[in-house]
Amino acid sequence: MTRALALLNDKRVRDWLYQIALVLGLVALTVFFVRNASENMVKAGIASGFDFLWRNSGIDVPFVLTGYTRADTILSLFWTGVANTMLVTVVAIVLATALGFVVGIARLSSHWLLSTIAGAYIEFVRNIPLLFFVLFWYFGVIAALPAPRDSLGIFGIAFLNNRGLTIPLPDAPGNFRWALLAILVSWFAQWLVTRWARRRKERTGQDAPVLAIGLVLILIVPALAVAWASLATRWDIPVLRGFNYRGGFVVIPEFVALLAALVTYTAGFIAEIVRGGIQAVPHGQIEAASALGLRPRRILTLVTIPQALRVMIPPLTNQYLNVLKNSSFGAAIAYPDVVSLFMGSALNNTGQAIEIIAMTLAVYLVIGLAVSAFMNWYNARIALVTR
């Protein structure tokens with residue numbers, strides 16, 4: 001008895017007992033819910049398991065990146081939803097970051113009108129629900145575009161109307177694969193040149209023409225590769241037939257509305273992160289750069305932004321995760337993402353609620369963890385190294 005009391009008085013033993021009790025409680029709670037759900041599914045005549053994924057889907061999807069057709073399986077439908085979610089998320093993150101940096105820097109401008117407009121935009125965005133932006137872009141902007149017969153033509157090959165943006169589509173993407181390979185090789189070569197130039201300067205003190213080489217490898221080579229692929233490929237040009245355009249690829253209005261909503265909404269929050277990060281840079285750093293004769297633009301790009309990034313990366317990670325989660329608002333306007341297609345159409349057709357919800361949650365969890373891991377890696381890479 002005395003020995004047992006002595007063990008209980010040991011803080012480490014108590015901590016282990018508390019953790020074991022917590023784990024057992026969670027296991028018991030999980031078992032209870034699983035058994036309860038299984039019994040309810042048996043009573044409702046619903047079979048559990050994932051065999052439904054290999055059934056014929058029979059669901060039409062208006063926006064497809066994976067080659068899916070209604071004759072494919074529900075698993076193919078699931079991956080189509082995941083691809084559409086990833087597309088709008090990645091594009092929205094890139095555009096929202098660019099717009100947020102512009103607005104955040106404008107917020108700190110000495111120009112009164114520019115700073116006031118940027119501040120008003122930020123305050124407006126941060127106090128309006130995201131759903132408002134989604135509905136505004138969809139019903140207030142996209143729906144106000146002209147009908148297909150009165151489409152806005154873009155160089156006579158692309159057409160914008162209230163049914164989306166119809167763009168040319170290559171008959172065979174083989175040339176563009178080679179162009180992409182050439183671009184990746186040139187960018188990798190530029191990375192090698194940059195490393196070589198840095199080591200050479202550390203060793204000899206001599207500079208290498210990195211800027212000129214980078215101009216060729218990063219801009220000129222990709223531009224030539226894309227131009228060659230475009231000229232060497234036959235294109236399916238959209239043509240107006242009846243009440244709509246046929247041929248090409250249609251960027252549906254739901255995608256455009258959701259993308260615009262995510263970008264304009266998230267950019268307001270990123271702008272505040274940028275403003276806070278810039279203001280966190282010690283003013284002495286800016287004064288020292290100015291004393292060296294650097295112009296304000298060079299000070300911003302070479303001194304302020306690199307140091308501000310160390311402050312901005314953690315909150316930026318949260319905003320990128322919010323973009324991923326907020327993409328589910330596309331279900332409000334029937335954008336065919338994983339929520340709309342899988343938790344909506346597939347769930348209604350199969351009734352496999354638990355399996356479908358679990359798979360959808362797993363998608364967001366895995367992508368979110370991947371984004372967090374990448375941003376944490378980048379944050380560690382740019383962190384100051386101290387002794």
# chains A, B, ... in the order shown; residues from 1 in each chain; ligands from 1
>>> residues_around(residues="segment 183-195 of chain A", least_positions_apart="2", cutoff="8 Å", atoms="only C-alpha atoms", output="PyMOL selection string")
chain A and resi 179-181+197-199+210+213-214+217-218+221-222+225
>>> write_last_selection(atoms="all heavy atoms", output="CSV table (one decimal), in the first residue's frame")
chain,number,residue,atom,x,y,z
A,179,ALA,N,7.8,20.6,-74.1
A,179,ALA,CA,8.1,22.0,-73.7
A,179,ALA,C,8.2,22.1,-72.2
A,179,ALA,O,9.1,22.8,-71.7
A,179,ALA,CB,7.0,22.9,-74.2
A,180,LEU,N,7.3,21.4,-71.5
A,180,LEU,CA,7.4,21.4,-70.0
A,180,LEU,C,8.7,20.8,-69.6
A,180,LEU,O,9.4,21.3,-68.6
A,180,LEU,CB,6.2,20.6,-69.5
A,180,LEU,CG,6.2,20.5,-67.9
A,180,LEU,CD1,6.1,21.8,-67.2
A,180,LEU,CD2,5.0,19.6,-67.5
A,181,LEU,N,9.2,19.7,-70.2
A,181,LEU,CA,10.4,19.1,-69.8
A,181,LEU,C,11.6,20.1,-70.1
A,181,LEU,O,12.5,20.2,-69.2
A,181,LEU,CB,10.7,17.9,-70.7
A,181,LEU,CG,12.0,17.1,-70.4
A,181,LEU,CD1,12.1,16.7,-69.0
A,181,LEU,CD2,12.1,15.9,-71.4
A,197,ALA,N,27.8,30.0,-58.9
A,197,ALA,CA,28.2,31.4,-58.8
A,197,ALA,C,28.4,31.9,-57.4
A,197,ALA,O,29.3,32.6,-57.1
A,197,ALA,CB,27.1,32.3,-59.5
A,198,ARG,N,27.5,31.4,-56.5
A,198,ARG,CA,27.7,31.7,-55.1
A,198,ARG,C,29.0,31.1,-54.5
A,198,ARG,O,29.7,31.8,-53.8
A,198,ARG,CB,26.5,31.2,-54.3
A,198,ARG,CG,26.5,31.6,-52.8
A,198,ARG,CD,25.4,31.0,-52.0
A,198,ARG,NE,24.1,31.3,-52.6
A,198,ARG,CZ,23.3,30.4,-53.1
A,198,ARG,NH1,23.6,29.1,-53.1
A,198,ARG,NH2,22.1,30.7,-53.6
A,199,ARG,N,29.3,29.9,-54.8
A,199,ARG,CA,30.5,29.3,-54.3
A,199,ARG,C,31.7,29.9,-54.9
A,199,ARG,O,32.7,30.1,-54.3
A,199,ARG,CB,30.5,27.8,-54.6
A,199,ARG,CG,29.4,27.0,-53.9
A,199,ARG,CD,29.4,25.5,-54.2
A,199,ARG,NE,28.4,24.8,-53.5
A,199,ARG,CZ,28.2,23.5,-53.6
A,199,ARG,NH1,28.9,22.8,-54.6
A,199,ARG,NH2,27.3,22.9,-52.9
A,210,VAL,N,25.1,36.0,-63.5
A,210,VAL,CA,23.9,35.2,-63.1
A,210,VAL,C,22.7,35.9,-63.7
A,210,VAL,O,21.8,35.1,-64.1
A,210,VAL,CB,23.9,35.1,-61.6
A,210,VAL,CG1,22.6,34.3,-61.2
A,210,VAL,CG2,25.1,34.4,-61.0
A,213,ILE,N,22.4,35.1,-67.4
A,213,ILE,CA,22.1,33.7,-67.6
A,213,ILE,C,20.7,33.4,-67.2
A,213,ILE,O,20.0,32.6,-67.8
A,213,ILE,CB,23.2,32.8,-66.9
A,213,ILE,CG1,24.5,33.1,-67.4
A,213,ILE,CG2,22.8,31.4,-67.0
A,213,ILE,CD1,25.7,32.4,-66.7
A,214,GLY,N,20.3,33.9,-66.0
A,214,GLY,CA,18.9,33.7,-65.5
A,214,GLY,C,17.9,34.2,-66.5
A,214,GLY,O,16.8,33.6,-66.6
A,217,LEU,N,17.7,31.5,-69.1
A,217,LEU,CA,17.2,30.2,-68.7
A,217,LEU,C,15.8,30.2,-68.1
A,217,LEU,O,15.0,29.3,-68.2
A,217,LEU,CB,18.2,29.6,-67.6
A,217,LEU,CG,19.5,29.2,-68.2
A,217,LEU,CD1,20.4,28.7,-67.0
A,217,LEU,CD2,19.4,28.1,-69.3
A,218,ILE,N,15.4,31.3,-67.4
A,218,ILE,CA,14.1,31.4,-66.7
A,218,ILE,C,13.1,32.0,-67.6
A,218,ILE,O,11.9,31.6,-67.5
A,218,ILE,CB,14.3,32.2,-65.4
A,218,ILE,CG1,15.2,31.5,-64.5
A,218,ILE,CG2,12.9,32.5,-64.8
A,218,ILE,CD1,15.4,32.2,-63.2
A,221,VAL,N,14.2,30.8,-72.6
A,221,VAL,CA,14.0,29.4,-73.0
A,221,VAL,C,12.6,28.9,-72.8
A,221,VAL,O,12.0,28.3,-73.7
A,221,VAL,CB,15.0,28.5,-72.2
A,221,VAL,CG1,14.7,27.0,-72.4
A,221,VAL,CG2,16.4,28.8,-72.6
A,222,PRO,N,11.9,29.2,-71.6
A,222,PRO,CA,10.5,28.8,-71.5
A,222,PRO,C,9.6,29.4,-72.6
A,222,PRO,O,8.7,28.7,-73.1
A,222,PRO,CB,10.1,29.2,-70.1
A,222,PRO,CG,11.4,29.2,-69.3
A,222,PRO,CD,12.4,29.7,-70.3
A,225,ALA,N,10.1,27.6,-75.8
A,225,ALA,CA,9.6,26.3,-75.7
A,225,ALA,C,8.0,26.3,-75.9
A,225,ALA,O,7.5,25.5,-76.6
A,225,ALA,CB,9.9,25.6,-74.4
>>> select_by_dssp(residues="segment 113-306 of chain A", states="helix (DSSP H, G or I)", output="ChimeraX atom specification")
/A:113-126,130-142,148-150,174-204,210-231,253-279,283-291,296-306
>>> closest_residue(among="A:Phe78, A:Tyr265, A:Phe50, A:Phe132", to="Gly351 of chain A", atoms="only C-alpha atoms")
A:Phe50
>>> residues_around(residues="segment 285-292 of chain A", least_positions_apart="4", cutoff="8 Å", atoms="only C-alpha atoms", output="PyMOL selection string")
chain A and resi 281+296+299+303-304
>>> closest_residue(among="A:Val125, A:Leu215, A:Ile142, A:Val226", to="Ile270 of chain A", atoms="only C-alpha atoms")
A:Val125
>>> residues_around(residues="Asn56 of chain A", least_positions_apart="4", cutoff="7 Å", atoms="only C-alpha atoms", output="PyMOL selection string")
chain A and resi 71-74
>>> write_last_selection(atoms="N, CA and C atoms", output="PDB file, in the first residue's frame")
ATOM      1  N   ALA A  71     -19.469   6.898 -67.230  1.00  0.00           N
ATOM      2  CA  ALA A  71     -19.363   5.438 -67.243  1.00  0.00           C
ATOM      3  C   ALA A  71     -18.273   4.926 -66.307  1.00  0.00           C
ATOM      4  N   ASP A  72     -17.476   5.833 -65.716  1.00  0.00           N
ATOM      5  CA  ASP A  72     -16.408   5.433 -64.811  1.00  0.00           C
ATOM      6  C   ASP A  72     -16.945   5.118 -63.423  1.00  0.00           C
ATOM      7  N   THR A  73     -16.047   4.690 -62.557  1.00  0.00           N
ATOM      8  CA  THR A  73     -16.438   4.289 -61.206  1.00  0.00           C
ATOM      9  C   THR A  73     -16.583   5.499 -60.282  1.00  0.00           C
ATOM     10  N   ILE A  74     -17.145   5.235 -59.119  1.00  0.00           N
ATOM     11  CA  ILE A  74     -17.274   6.294 -58.109  1.00  0.00           C
ATOM     12  C   ILE A  74     -15.897   6.721 -57.616  1.00  0.00           C
TER      13      ILE A  74
END
>>> residues_around(residues="Asn379 of chain A", least_positions_apart="5", cutoff="12 Å", atoms="only C-alpha atoms", output="list in words")
Pro306, Gln307, Ala308, Leu309, Arg310, Val311, Met312, Ile313, Pro314, Pro315, Leu316, Thr317, Ser372, Ala373, Phe374, Leu384 and Val385 of chain A
>>> residues_around(residues="Ala92 of chain A", least_positions_apart="4", cutoff="6 Å", atoms="only C-alpha atoms", output="list in words")
Val88, Ala96, Leu259 and Val263 of chain A
>>> write_last_selection(atoms="C-alpha atoms", output="PDB file, in the first residue's frame")
ATOM      1  CA  VAL A  88      -8.769  26.009 -57.378  1.00  0.00           C
ATOM      2  CA  ALA A  96      -4.038  35.713 -53.354  1.00  0.00           C
ATOM      3  CA  LEU A 259     -11.481  31.486 -57.582  1.00  0.00           C
ATOM      4  CA  VAL A 263      -8.458  35.437 -54.066  1.00  0.00           C
TER       5      VAL A 263
END
>>> select_by_dssp(residues="segment 32-261 of chain A", states="strand (DSSP E)", output="PyMOL selection string")
chain A and resi 152-154+158-161+164-167+169-170+235-236+239-241+244-246+249-251
>>> write_last_selection(atoms="C-alpha atoms", output="compact mmCIF listing (two decimals), in the first residue's frame")
# COMPACT_ATOMS: atom_id res chain seq x y z
CA LEU A 152 -16.79 38.88 -75.61
CA GLY A 153 -14.21 37.64 -78.11
CA ILE A 154 -10.52 37.45 -77.21
CA ALA A 158 -11.42 32.56 -76.89
CA PHE A 159 -14.89 33.67 -75.87
CA LEU A 160 -16.24 34.92 -72.53
CA ASN A 161 -19.93 34.73 -71.66
CA GLY A 164 -17.85 30.52 -68.79
CA LEU A 165 -14.65 31.13 -70.70
CA THR A 166 -14.19 28.91 -73.76
CA ILE A 167 -10.55 28.59 -74.79
CA LEU A 169 -7.56 23.12 -76.65
CA PRO A 170 -4.61 21.30 -78.27
CA TRP A 235 -5.70 23.46 -81.96
CA ASP A 236 -9.39 22.81 -81.45
CA VAL A 239 -17.03 27.62 -82.81
CA LEU A 240 -20.51 28.99 -82.12
CA ARG A 241 -23.10 26.36 -83.02
CA ASN A 244 -23.43 27.73 -77.39
CA TYR A 245 -19.84 27.22 -78.45
CA ARG A 246 -18.57 23.78 -79.41
CA PHE A 249 -12.19 23.75 -73.23
CA VAL A 250 -14.73 25.55 -71.07
CA VAL A 251 -13.63 27.17 -67.81
>>> residues_around(residues="Phe52 of chain A", least_positions_apart="3", cutoff="12 Å", atoms="only C-alpha atoms", output="PyMOL selection string")
chain A and resi 46-49+55-57+73-78+346-347+349-353+355-356
>>> closest_residue(among="A:Ile252, A:Leu262, A:Trp16, A:Phe63", to="Ile93 of chain A", atoms="only C-alpha atoms")
A:Leu262
>>> closest_residue(among="A:Val103, A:Leu24, A:Met359, A:Ala331", to="Gly344 of chain A", atoms="only C-alpha atoms")
A:Ala331
>>> closest_residue(among="A:Gly368, A:Arg149, A:Ala334, A:Pro129", to="Pro62 of chain A", atoms="only C-alpha atoms")
A:Ala334
>>> atom_distance(atom1="atom CA of Ser327 of chain A", atom2="atom CA of Gly276 of chain A")
26.0 Å
>>> atom_distance(atom1="atom CA of Asp207 of chain A", atom2="atom CA of Ala383 of chain A")
25.6 Å
